[in-house]
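What follows is entry.cif (mmCIF, C-alpha atoms).
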```
data_data
#
loop_
_atom_site.label_atom_id
_atom_site.label_comp_id
_atom_site.auth_asym_id
_atom_site.auth_seq_id
_atom_site.Cartn_x
_atom_site.Cartn_y
_atom_site.Cartn_z
CA MET I 19 227.56 -97.31 158.79
CA HIS I 20 228.21 -96.83 162.52
CA PHE I 21 224.90 -98.57 163.25
CA THR I 22 225.92 -101.53 161.07
CA ILE I 23 229.31 -101.84 162.77
CA LYS I 24 227.67 -101.69 166.20
CA MET I 25 225.18 -104.36 165.17
CA MET I 26 227.99 -106.57 163.87
CA ALA I 27 229.95 -106.07 167.11
CA ALA I 28 226.88 -106.88 169.18
CA CYS I 29 226.24 -110.04 167.18
CA ALA I 30 229.88 -111.05 167.53
CA ALA I 31 229.67 -110.55 171.30
CA LEU I 32 226.53 -112.66 171.46
CA ALA I 33 228.19 -115.35 169.38
CA CYS I 34 231.16 -115.37 171.73
CA ALA I 35 228.85 -115.59 174.72
CA GLY I 36 227.04 -118.46 173.07
CA ALA I 37 230.31 -120.24 172.46
CA ALA I 38 231.38 -119.70 176.06
CA PHE I 39 228.35 -121.52 177.36
CA ALA I 40 227.83 -123.92 174.46
CA GLN I 41 228.54 -126.94 176.63
CA SER I 42 226.23 -125.98 179.51
CA GLY I 43 223.50 -128.62 179.71
CA GLN I 44 225.26 -130.77 177.13
CA THR I 45 225.38 -134.52 177.72
CA VAL I 46 228.82 -136.11 177.72
CA LYS I 47 228.91 -139.90 177.70
CA ILE I 48 231.57 -141.82 179.62
CA ALA I 49 231.95 -145.50 178.75
CA MET I 50 232.71 -147.37 181.97
CA ILE I 51 234.61 -150.44 180.77
CA GLU I 52 234.72 -152.62 183.86
CA GLY I 53 234.25 -156.12 185.22
CA LEU I 54 230.58 -155.97 186.22
CA SER I 55 230.11 -159.74 186.46
CA GLY I 56 232.23 -162.67 187.57
CA PRO I 57 234.32 -162.93 190.77
CA MET I 58 235.13 -159.22 190.92
CA GLY I 59 231.68 -158.13 189.74
CA PRO I 60 230.48 -156.86 193.14
CA VAL I 61 233.33 -154.32 193.24
CA GLY I 62 232.71 -153.18 189.66
CA THR I 63 228.98 -152.86 190.31
CA ASN I 64 229.64 -150.73 193.39
CA GLN I 65 231.87 -148.46 191.33
CA LEU I 66 229.33 -148.18 188.53
CA LYS I 67 226.83 -146.93 191.10
CA SER I 68 229.52 -144.57 192.40
CA TRP I 69 230.08 -143.04 188.96
CA GLN I 70 226.37 -142.66 188.37
CA TYR I 71 225.65 -141.24 191.83
CA VAL I 72 228.40 -138.64 191.72
CA ALA I 73 227.50 -137.65 188.15
CA GLU I 74 223.92 -137.01 189.27
CA HIS I 75 224.86 -135.07 192.43
CA LEU I 76 227.63 -132.70 191.37
CA ASN I 77 226.77 -129.18 192.46
CA ALA I 78 227.51 -126.02 190.45
CA ALA I 79 230.93 -125.44 192.01
CA GLU I 80 231.95 -129.04 191.27
CA ASN I 81 230.58 -128.88 187.72
CA PRO I 82 231.54 -125.43 186.39
CA ALA I 83 230.94 -126.53 182.79
CA GLY I 84 227.33 -127.40 183.57
CA ILE I 85 227.76 -130.77 181.88
CA LYS I 86 225.38 -133.68 182.26
CA PHE I 87 227.59 -136.76 182.51
CA GLU I 88 226.00 -140.01 181.35
CA VAL I 89 227.87 -143.12 182.49
CA VAL I 90 227.43 -146.00 180.04
CA PRO I 91 228.20 -149.42 181.63
CA MET I 92 230.18 -151.88 179.51
CA ASP I 93 230.94 -155.24 181.13
CA SER I 94 234.47 -156.42 180.31
CA LYS I 95 234.13 -159.39 182.68
CA SER I 96 237.63 -158.32 183.84
CA SER I 97 239.03 -159.62 180.54
CA PRO I 98 241.70 -157.50 178.79
CA GLN I 99 240.60 -158.71 175.35
CA GLU I 100 236.94 -158.00 176.07
CA ALA I 101 237.91 -154.53 177.32
CA LEU I 102 239.68 -153.81 174.03
CA ASN I 103 236.61 -154.96 172.08
CA LEU I 104 234.44 -152.66 174.18
CA LEU I 105 236.79 -149.74 173.56
CA LYS I 106 236.29 -150.19 169.81
CA SER I 107 232.53 -150.37 170.38
CA ALA I 108 232.61 -147.16 172.42
CA VAL I 109 234.57 -145.33 169.69
CA ASP I 110 232.14 -146.60 167.06
CA GLN I 111 229.25 -145.23 169.16
CA GLY I 112 230.88 -141.80 169.29
CA ILE I 113 231.81 -141.99 172.99
CA ARG I 114 234.97 -139.96 173.60
CA TYR I 115 235.65 -140.65 177.29
CA VAL I 116 236.29 -144.05 178.83
CA ALA I 117 236.76 -144.99 182.49
CA GLN I 118 238.35 -148.14 183.91
CA GLY I 119 240.08 -149.04 187.12
CA ASN I 120 239.81 -152.59 188.44
CA GLY I 121 242.97 -154.34 187.34
CA SER I 122 246.16 -153.04 185.79
CA ASN I 123 246.06 -156.26 183.75
CA VAL I 124 243.26 -154.46 181.88
CA GLY I 125 244.47 -150.89 182.42
CA VAL I 126 247.88 -151.29 180.77
CA PRO I 127 246.63 -152.78 177.45
CA LEU I 128 243.63 -150.44 177.48
CA SER I 129 245.88 -147.39 177.79
CA ASP I 130 248.03 -148.65 174.93
CA ALA I 131 244.96 -149.34 172.78
CA VAL I 132 243.56 -145.85 173.42
CA GLY I 133 246.83 -144.30 172.26
CA LYS I 134 246.94 -146.41 169.09
CA SER I 135 243.26 -145.80 168.33
CA ASN I 136 243.76 -142.05 168.63
CA GLU I 137 246.72 -142.17 166.23
CA ARG I 138 244.72 -144.12 163.67
CA ASN I 139 241.51 -142.12 164.02
CA PRO I 140 242.18 -138.37 164.12
CA GLY I 141 238.97 -136.57 164.99
CA LYS I 142 237.78 -139.52 167.08
CA GLU I 143 240.21 -139.18 169.97
CA VAL I 144 239.38 -140.74 173.33
CA VAL I 145 240.50 -139.76 176.84
CA TYR I 146 241.05 -142.60 179.33
CA ILE I 147 240.11 -141.81 182.94
CA ASN I 148 241.88 -144.33 185.17
CA TYR I 149 240.32 -144.37 188.63
CA ALA I 150 241.91 -147.46 190.23
CA ALA I 151 244.62 -149.19 188.14
CA VAL I 152 247.83 -148.34 190.00
CA ASP I 153 250.60 -150.21 188.18
CA PRO I 154 253.48 -147.68 188.22
CA ALA I 155 254.24 -148.61 184.60
CA LEU I 156 251.20 -146.57 183.55
CA THR I 157 252.92 -143.37 184.65
CA ASN I 158 256.48 -144.47 183.90
CA GLU I 159 257.74 -146.57 180.97
CA LYS I 160 254.22 -147.09 179.55
CA CYS I 161 252.89 -143.58 180.11
CA ASN I 162 250.45 -142.34 177.48
CA TYR I 163 249.31 -138.79 176.70
CA TRP I 164 245.63 -139.82 176.63
CA HIS I 165 245.74 -141.59 180.01
CA PHE I 166 245.04 -139.73 183.28
CA ARG I 167 245.24 -141.51 186.63
CA PHE I 168 243.07 -140.26 189.50
CA ASP I 169 244.00 -143.00 191.96
CA ALA I 170 247.13 -142.60 194.09
CA ASP I 171 250.54 -143.99 193.24
CA LEU I 172 252.07 -146.74 195.37
CA THR I 173 254.01 -145.65 198.42
CA SER I 174 255.71 -147.12 201.51
CA PHE I 175 253.97 -146.73 204.84
CA MET I 176 255.27 -149.17 207.44
CA LYS I 177 258.69 -147.87 208.47
CA ASP I 178 257.45 -146.49 211.81
CA GLN I 179 255.64 -149.65 212.95
CA LYS I 180 258.10 -151.08 215.50
CA ASP I 181 256.11 -154.26 216.22
CA ILE I 182 256.72 -155.60 212.72
CA HIS I 183 259.48 -158.22 212.55
CA LYS I 184 258.38 -161.13 210.34
CA VAL I 185 256.27 -160.30 207.29
CA TYR I 186 254.38 -162.57 204.92
CA LEU I 187 253.33 -161.19 201.52
CA VAL I 188 250.20 -162.39 199.73
CA ASN I 189 249.33 -160.65 196.46
CA GLN I 190 247.39 -161.27 193.28
CA ASN I 191 249.39 -162.70 190.40
CA TYR I 192 249.30 -159.79 187.97
CA SER I 193 251.22 -156.56 187.51
CA HIS I 194 249.70 -154.72 190.50
CA GLY I 195 250.37 -157.57 192.92
CA HIS I 196 253.98 -157.88 191.79
CA GLN I 197 254.49 -154.12 192.06
CA VAL I 198 253.08 -154.05 195.62
CA ALA I 199 255.57 -156.74 196.62
CA LYS I 200 258.44 -155.04 194.80
CA TYR I 201 257.80 -151.61 196.34
CA PHE I 202 257.31 -153.08 199.80
CA LYS I 203 260.54 -155.06 199.70
CA GLU I 204 262.50 -152.05 198.44
CA GLY I 205 260.99 -149.79 201.10
CA ILE I 206 261.53 -152.22 203.97
CA GLU I 207 265.13 -152.89 202.97
CA ARG I 208 265.78 -149.16 202.91
CA ASN I 209 263.84 -148.13 206.02
CA ARG I 210 263.60 -151.27 208.20
CA PRO I 211 266.45 -153.65 207.36
CA ASP I 212 265.69 -155.51 210.61
CA VAL I 213 262.38 -156.78 209.20
CA LYS I 214 262.49 -160.26 207.67
CA ILE I 215 260.20 -161.42 204.87
CA VAL I 216 259.38 -164.99 205.86
CA GLY I 217 257.19 -165.92 202.91
CA GLU I 218 255.64 -164.69 199.67
CA ASP I 219 252.74 -165.99 197.58
CA TYR I 220 250.92 -164.89 194.43
CA VAL I 221 247.36 -166.02 193.75
CA ALA I 222 245.54 -166.15 190.43
CA LEU I 223 243.26 -163.11 190.17
CA GLY I 224 239.71 -164.08 191.11
CA GLN I 225 240.37 -167.82 190.69
CA VAL I 226 241.23 -169.15 194.16
CA LYS I 227 238.26 -170.36 196.22
CA ASP I 228 240.08 -171.86 199.22
CA PHE I 229 242.78 -169.81 200.93
CA ALA I 230 243.31 -172.31 203.78
CA PRO I 231 246.60 -173.61 202.29
CA TYR I 232 247.96 -170.05 202.11
CA VAL I 233 246.96 -169.36 205.73
CA ALA I 234 248.66 -172.60 206.82
CA LYS I 235 251.88 -171.40 205.17
CA ILE I 236 251.62 -168.02 206.91
CA LYS I 237 251.23 -169.74 210.30
CA ALA I 238 254.05 -172.19 209.64
CA ALA I 239 256.39 -169.35 208.70
CA GLY I 240 255.84 -167.69 212.08
CA ALA I 241 254.76 -164.39 210.48
CA ASP I 242 253.68 -161.61 212.83
CA THR I 243 252.35 -159.37 210.03
CA LEU I 244 250.53 -159.85 206.72
CA VAL I 245 251.00 -157.37 203.87
CA THR I 246 248.68 -157.54 200.87
CA GLY I 247 247.65 -155.47 197.89
CA SER I 248 244.81 -157.88 197.11
CA TRP I 249 241.27 -156.64 196.67
CA GLY I 250 237.74 -157.90 196.15
CA GLN I 251 236.92 -161.59 196.46
CA ASP I 252 240.58 -162.58 196.88
CA PHE I 253 241.05 -160.43 199.97
CA THR I 254 237.65 -161.35 201.42
CA LEU I 255 238.29 -165.10 201.13
CA LEU I 256 241.79 -164.70 202.58
CA VAL I 257 240.33 -162.97 205.65
CA LYS I 258 237.67 -165.68 206.03
CA ALA I 259 240.37 -168.37 205.93
CA MET I 260 242.35 -166.49 208.58
CA ASN I 261 239.22 -166.34 210.73
CA ASP I 262 238.64 -170.09 210.35
CA ALA I 263 242.25 -170.85 211.31
CA GLY I 264 242.25 -168.47 214.26
CA LEU I 265 245.09 -166.43 212.74
CA ALA I 266 244.68 -162.88 214.04
CA ILE I 267 247.97 -161.23 213.09
CA PRO I 268 247.96 -157.56 211.98
CA ILE I 269 247.18 -156.83 208.33
CA TYR I 270 248.52 -153.93 206.28
CA ALA I 271 246.53 -153.43 203.10
CA TYR I 272 245.51 -151.01 200.37
CA TYR I 273 241.93 -152.20 199.82
CA ALA I 274 240.55 -153.40 203.15
CA GLY I 275 237.43 -151.26 202.78
CA VAL I 276 236.36 -152.66 199.41
CA THR I 277 233.08 -154.57 198.98
CA GLY I 278 232.84 -157.72 201.11
CA THR I 279 236.07 -157.38 203.08
CA PRO I 280 234.71 -155.29 206.01
CA THR I 281 232.03 -157.92 206.63
CA ALA I 282 234.64 -160.69 206.67
CA LEU I 283 236.86 -158.68 209.05
CA SER I 284 233.97 -158.09 211.43
CA GLN I 285 233.31 -161.84 211.70
CA GLY I 286 236.75 -162.70 213.10
CA LYS I 287 239.24 -161.59 215.72
CA ILE I 288 241.71 -159.65 213.56
CA ALA I 289 241.85 -156.47 215.60
CA GLU I 290 244.76 -154.69 213.93
CA VAL I 291 244.10 -153.83 210.31
CA TYR I 292 245.69 -150.77 208.73
CA GLN I 293 244.68 -149.39 205.37
CA ILE I 294 246.82 -147.07 203.26
CA ALA I 295 244.62 -145.20 200.80
CA TYR I 296 243.82 -141.73 199.52
CA ASN I 297 240.73 -141.68 201.75
CA HIS I 298 239.16 -143.18 204.87
CA SER I 299 235.61 -143.93 206.04
CA ASN I 300 234.83 -140.86 208.12
CA TYR I 301 234.96 -137.73 206.00
CA THR I 302 232.95 -134.69 207.00
CA GLY I 303 231.88 -131.81 204.75
CA ARG I 304 231.04 -132.44 201.13
CA MET I 305 232.49 -135.95 200.94
CA GLY I 306 230.66 -136.86 204.12
CA GLU I 307 227.43 -135.72 202.45
CA LEU I 308 228.09 -137.80 199.34
CA THR I 309 229.07 -140.85 201.38
CA LYS I 310 225.94 -140.70 203.50
CA GLY I 311 223.72 -139.96 200.49
CA PHE I 312 225.14 -142.94 198.61
CA LYS I 313 224.49 -145.17 201.62
CA ALA I 314 220.92 -143.93 201.92
CA GLN I 315 220.23 -144.56 198.23
CA TYR I 316 221.96 -147.92 197.75
CA ASN I 317 222.57 -149.31 201.26
CA ASP I 318 226.15 -149.65 200.08
CA ASP I 319 229.45 -147.88 200.77
CA PHE I 320 230.98 -145.20 198.56
CA TYR I 321 234.75 -145.81 198.73
CA THR I 322 236.13 -144.99 195.27
CA PHE I 323 236.58 -141.26 195.81
CA SER I 324 238.75 -140.99 192.67
CA VAL I 325 235.46 -141.06 190.75
CA TYR I 326 234.64 -137.67 192.28
CA ASN I 327 238.02 -136.22 191.34
CA GLY I 328 237.73 -137.56 187.80
CA LEU I 329 234.37 -135.91 187.16
CA VAL I 330 235.30 -132.61 188.83
CA ALA I 331 238.55 -132.41 186.84
CA LEU I 332 236.76 -133.19 183.57
CA SER I 333 234.18 -130.46 184.15
CA ASP I 334 236.87 -128.00 185.19
CA ALA I 335 238.88 -128.70 182.04
CA MET I 336 235.76 -128.41 179.89
CA ALA I 337 234.88 -125.08 181.50
CA LYS I 338 238.40 -123.76 180.92
CA THR I 339 238.42 -124.77 177.26
CA LYS I 340 234.72 -124.03 176.70
CA SER I 341 234.62 -127.33 174.89
CA THR I 342 233.97 -131.05 175.35
CA ASP I 343 236.43 -131.92 172.57
CA PRO I 344 238.75 -134.56 174.09
CA VAL I 345 241.79 -133.06 172.32
CA LYS I 346 241.25 -129.70 174.02
CA VAL I 347 240.20 -131.28 177.31
CA ALA I 348 243.29 -133.53 177.45
CA LYS I 349 245.52 -130.51 176.97
CA ALA I 350 243.69 -128.65 179.75
CA LEU I 351 243.97 -131.64 182.12
CA GLU I 352 247.78 -131.53 181.92
CA GLY I 353 248.98 -129.70 185.01
CA LEU I 354 245.40 -128.90 186.04
CA ARG I 355 244.86 -127.78 189.63
CA PHE I 356 241.36 -128.33 190.98
CA GLU I 357 239.54 -128.74 194.29
CA GLY I 358 239.46 -132.47 194.97
CA PHE I 359 238.16 -134.43 197.94
CA ASN I 360 241.45 -133.89 199.84
CA GLY I 361 241.73 -130.20 198.93
CA GLU I 362 243.72 -128.74 196.05
CA THR I 363 244.86 -131.49 193.71
CA GLN I 364 247.14 -131.32 190.69
CA ILE I 365 247.47 -133.60 187.70
CA ARG I 366 251.23 -133.77 187.15
CA ALA I 367 251.90 -132.78 183.54
CA THR I 368 254.94 -135.01 183.12
CA ASP I 369 253.06 -138.30 183.57
CA HIS I 370 249.37 -137.43 184.18
CA GLN I 371 249.46 -138.81 187.74
CA SER I 372 247.20 -137.05 190.24
CA GLN I 373 249.19 -135.80 193.19
CA LEU I 374 247.20 -137.04 196.18
CA GLY I 375 247.76 -137.12 199.88
CA MET I 376 247.43 -140.51 201.57
CA TRP I 377 245.64 -141.60 204.73
CA ILE I 378 246.65 -144.33 207.12
CA SER I 379 243.46 -145.51 208.79
CA LYS I 380 242.79 -148.23 211.35
CA TRP I 381 239.99 -150.78 211.66
CA GLN I 382 237.99 -150.16 214.85
CA LYS I 383 234.49 -150.16 216.29
CA ILE I 384 232.46 -147.08 215.46
CA ASP I 385 232.38 -144.35 218.09
CA ALA I 386 231.15 -140.78 218.46
CA LYS I 387 234.09 -139.38 216.50
CA ASN I 388 234.23 -142.06 213.80
CA SER I 389 230.64 -143.10 213.24
CA TYR I 390 230.46 -144.28 209.63
CA ASN I 391 229.22 -147.87 209.75
CA LEU I 392 231.03 -149.88 207.05
CA GLU I 393 228.75 -152.54 205.52
CA ASN I 394 226.57 -152.17 208.63
CA THR I 395 229.16 -154.13 210.64
CA GLY I 396 229.54 -151.72 213.53
CA TYR I 397 233.15 -151.13 212.41
CA THR I 398 234.89 -148.41 210.46
CA PHE I 399 238.28 -147.25 209.19
CA ALA I 400 239.27 -144.30 211.35
CA PRO I 401 242.00 -141.90 210.20
CA VAL I 402 245.33 -142.19 212.03
CA LYS I 403 247.77 -140.17 209.94
CA TYR I 404 247.75 -138.05 206.79
CA LEU I 405 250.68 -137.94 204.36
CA GLU I 406 250.75 -134.71 202.35
CA PRO I 407 250.96 -135.04 198.55
CA TYR I 408 254.60 -133.97 198.46
CA ILE I 409 255.42 -136.84 200.86
CA ALA I 410 253.28 -139.47 199.13
CA SER I 411 254.39 -138.45 195.63
CA THR I 412 256.70 -140.81 193.77
CA PRO I 413 259.18 -139.91 190.99
CA THR I 414 258.49 -140.70 187.34
CA SER I 415 260.62 -141.83 184.42
CA CYS I 416 257.88 -141.00 181.90
CA GLN I 417 259.09 -139.74 178.52
CA MET I 418 255.70 -138.78 177.16
CA LYS I 419 255.09 -138.58 173.44
CA ARG I 420 252.64 -135.78 172.83
CA PRO I 421 250.56 -135.31 169.67
CA SER I 422 251.84 -132.64 167.33
#
```

Output the file's structure in the form of structure tokens.
Amino acid sequence: MHFTIKMMAACAALACAGAAFAQSGQTVKIAMIEGLSGPMGPVGTNQLKSWQYVAEHLNAAENPAGIKFEVVPMDSKSSPQEALNLLKSAVDQGIRYVAQGNGSNVGVPLSDAVGKSNERNPGKEVVYINYAAVDPALTNEKCNYWHFRFDADLTSFMKDQKDIHKVYLVNQNYSHGHQVAKYFKEGIERNRPDVKIVGEDYVALGQVKDFAPYVAKIKAAGADTLVTGSWGQDFTLLVKAMNDAGLAIPIYAYYAGVTGTPTALSQGKIAEVYQIAYNHSNYTGRMGELTKGFKAQYNDDFYTFSVYNGLVALSDAMAKTKSTDPVKVAKALEGLRFEGFNGETQIRATDHQSQLGMWISKWQKIDAKNSYNLENTGYTFAPVKYLEPYIASTPTSCQMKRPS
């Protein structure tokens, strides 16, 4: 009898041990629903490579669950409707994690569709990993339990720049562009009421080929500073038009290091360019290793560090729950603290916004201290100032509806 009980206890212990490590070596698919073709295709393609590279190179500490992440590319062509069709396809294929970032015009409806799909299909829940769509609505009035944002929230960063007097705003004509303008105007009015906004334009996302008319308006307005939240082709073509017109006023931007823009900057005389982002070009340590390894493999720049945080957080949550079930993983992600690329990072439980510090970095020629060569231009974004997460954090009005 005692022997039987001991055998049963031993078997139970083995079963528990098996359950604890059931996910080790398991493959988890992540559907990357992104614009991989069209005007913004080069950015999406870079980020696809980023997801795949990081997934392949996570070490044991970064991947405590021992998961093999397989990133499945799905080209939305930057279309919201196509993205929703691809979400349905991913669910039908049994994929339970989706990633998207380029464009809140896609991110907002995708988040809503994920929530509705999960309500209609219990047992087929999906977690949405948002690595770049920064519309504040996603973590405020349109917050969704199944959505987790690993990019930073918008913040103000120009109050201490005393040379700014006349600002021109150029942004893309969708939710993100309007939010950049809104937040900037609110911040400047509060912190620098002496600054005058002398002009404001919105451009159709990925549609404008000639930015010369916009540059002419900036010059005519007498602006001494340009502020933009634009990215990809739109920012690159704007810089090229500034170069052609000989307009070399300072630029303050969120995405100056994104594919194509560093090359355009290096071909002109715009010396003062500041980028506000959760990272910069010259990390050392682990992120320096990944950045250099990515460059060696693809001859391209790794700049979407939120991909790293997304994968590390997923593995950490899976290790804690001993499961890859998205229902359990989503619960574990709420309030999760993990070691991100800027040190300890937390996913705020109230709205699922990662609490990230922010870097102000400046465009300059590479030197001994800042040697990372962006797009092989001989230039880099060197760190100037770091804003701790508690400073960069923004409040939330999210009233999240959680599943019962």

For the structure shown, which residues end up in the PyMOL selection byres ((chain I and resi 383) around 9)? Put them as a list in words, please?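 Against this file, the PyMOL selection byres ((chain I and resi 383) around 9) returns the residues Trp381, Gln382, Ile384, Asp385, Asn388, Ser389, Asn391, Thr395, Gly396, Tyr397, Thr398 and Phe399 of chain I.
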
Counting all atoms listed in the file, what is within 10 Å of Asp228 of chain I, bar same-chain residues fewer than 2 positions away, as number ranges by chain? I: 225-226, 230-233, 252, 255-256, 258-259

Here's the selection I'm unsure about, the PyMOL selection byres ((chain I and resi 340-351) around 10); applied to the file above, which residues does it give, as JSON, numbers by chain? {"I": [37, 38, 39, 40, 41, 42, 44, 45, 46, 83, 85, 114, 115, 136, 140, 141, 142, 143, 144, 145, 146, 163, 164, 165, 166, 331, 332, 333, 334, 335, 336, 337, 338, 339, 352, 353, 354, 355, 356, 364, 365, 366, 367, 370, 420, 421]}

Go through I:Lys47, I:Lys235, I:Lys67, I:Arg167 and flag the residue nearest Val90 of chain I, using only C-alpha atoms for the distances. I:Lys47

I:Tyr186, I:Tyr326, I:Tyr296, I:Tyr272 ranked by distance to Asn81 of chain I, top pick (using only C-alpha atoms):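 Comparing I:Tyr186, I:Tyr326, I:Tyr296, I:Tyr272 against Asn81 of chain I, the winner is I:Tyr326.
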
For Glu290 of chain I, please output as a ChimeraX atom specification all residues within 10 Å (counting only C-alpha atoms; exclusion window: fewer than 5 positions along the same chain). /I:243,266-270,380-382

Point-to-point distance from atom CA of Met305 of chain I to atom CA of Ser248 of chain I, Å rounded to tenths: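 For atom CA of Met305 of chain I relative to atom CA of Ser248 of chain I, the distance reads 25.4 Å.
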
Of the candidates I:Lys86, I:Leu102, I:Glu137, I:His298, which one gets nearest to Lys419 of chain I if we count only C-alpha atoms?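 The closest residue to Lys419 of chain I is I:Glu137.
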
Between atom CA of Tyr292 of chain I and atom CA of Asn191 of chain I, what is the spacing in Å?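 So the answer is 22.2 Å.
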
Picked residues, the PyMOL selection byres ((chain I and resi 72) around 9), as a list in words: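 Taken on the displayed file, the PyMOL selection byres ((chain I and resi 72) around 9) yields the residues Lys67, Ser68, Trp69, Gln70, Tyr71, Ala73, Glu74, His75, Leu76, Leu308, Phe312, Val325, Tyr326 and Leu329 of chain I.
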
Fewer than 2 positions away in the same chain doesn't count, so skip those; otherwise give me all residues within 10 Å of Lys214 of chain I, counting only C-alpha atoms, as a list in words. Ile182, His183, Lys184, Val185, Tyr186, Lys203, Ile206, Glu207, Arg210, Pro211, Asp212, Val216, Gly217 and Ala241 of chain I

Measuring atom to atom with all atoms listed in the file, identify which of I:Gly240, I:Gly247, I:Pro407, I:Pro98 is nearest to Val276 of chain I.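 Selected residue with least distance to Val276 of chain I: I:Gly247.
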
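Atom pair atom CA of Gln179 of chain I / atom CA of Val198 of chain I has a distance of 18.1 Å (rounded to one decimal).
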
Around the point (248.7, -144.6, 196.2) (coordinates from the file), which residues reach within 9 Å if we count all atoms listed in the file? Answer as a PyMOL selection string. chain I and resi 152+169-173+272+294-296+374-376+410-411
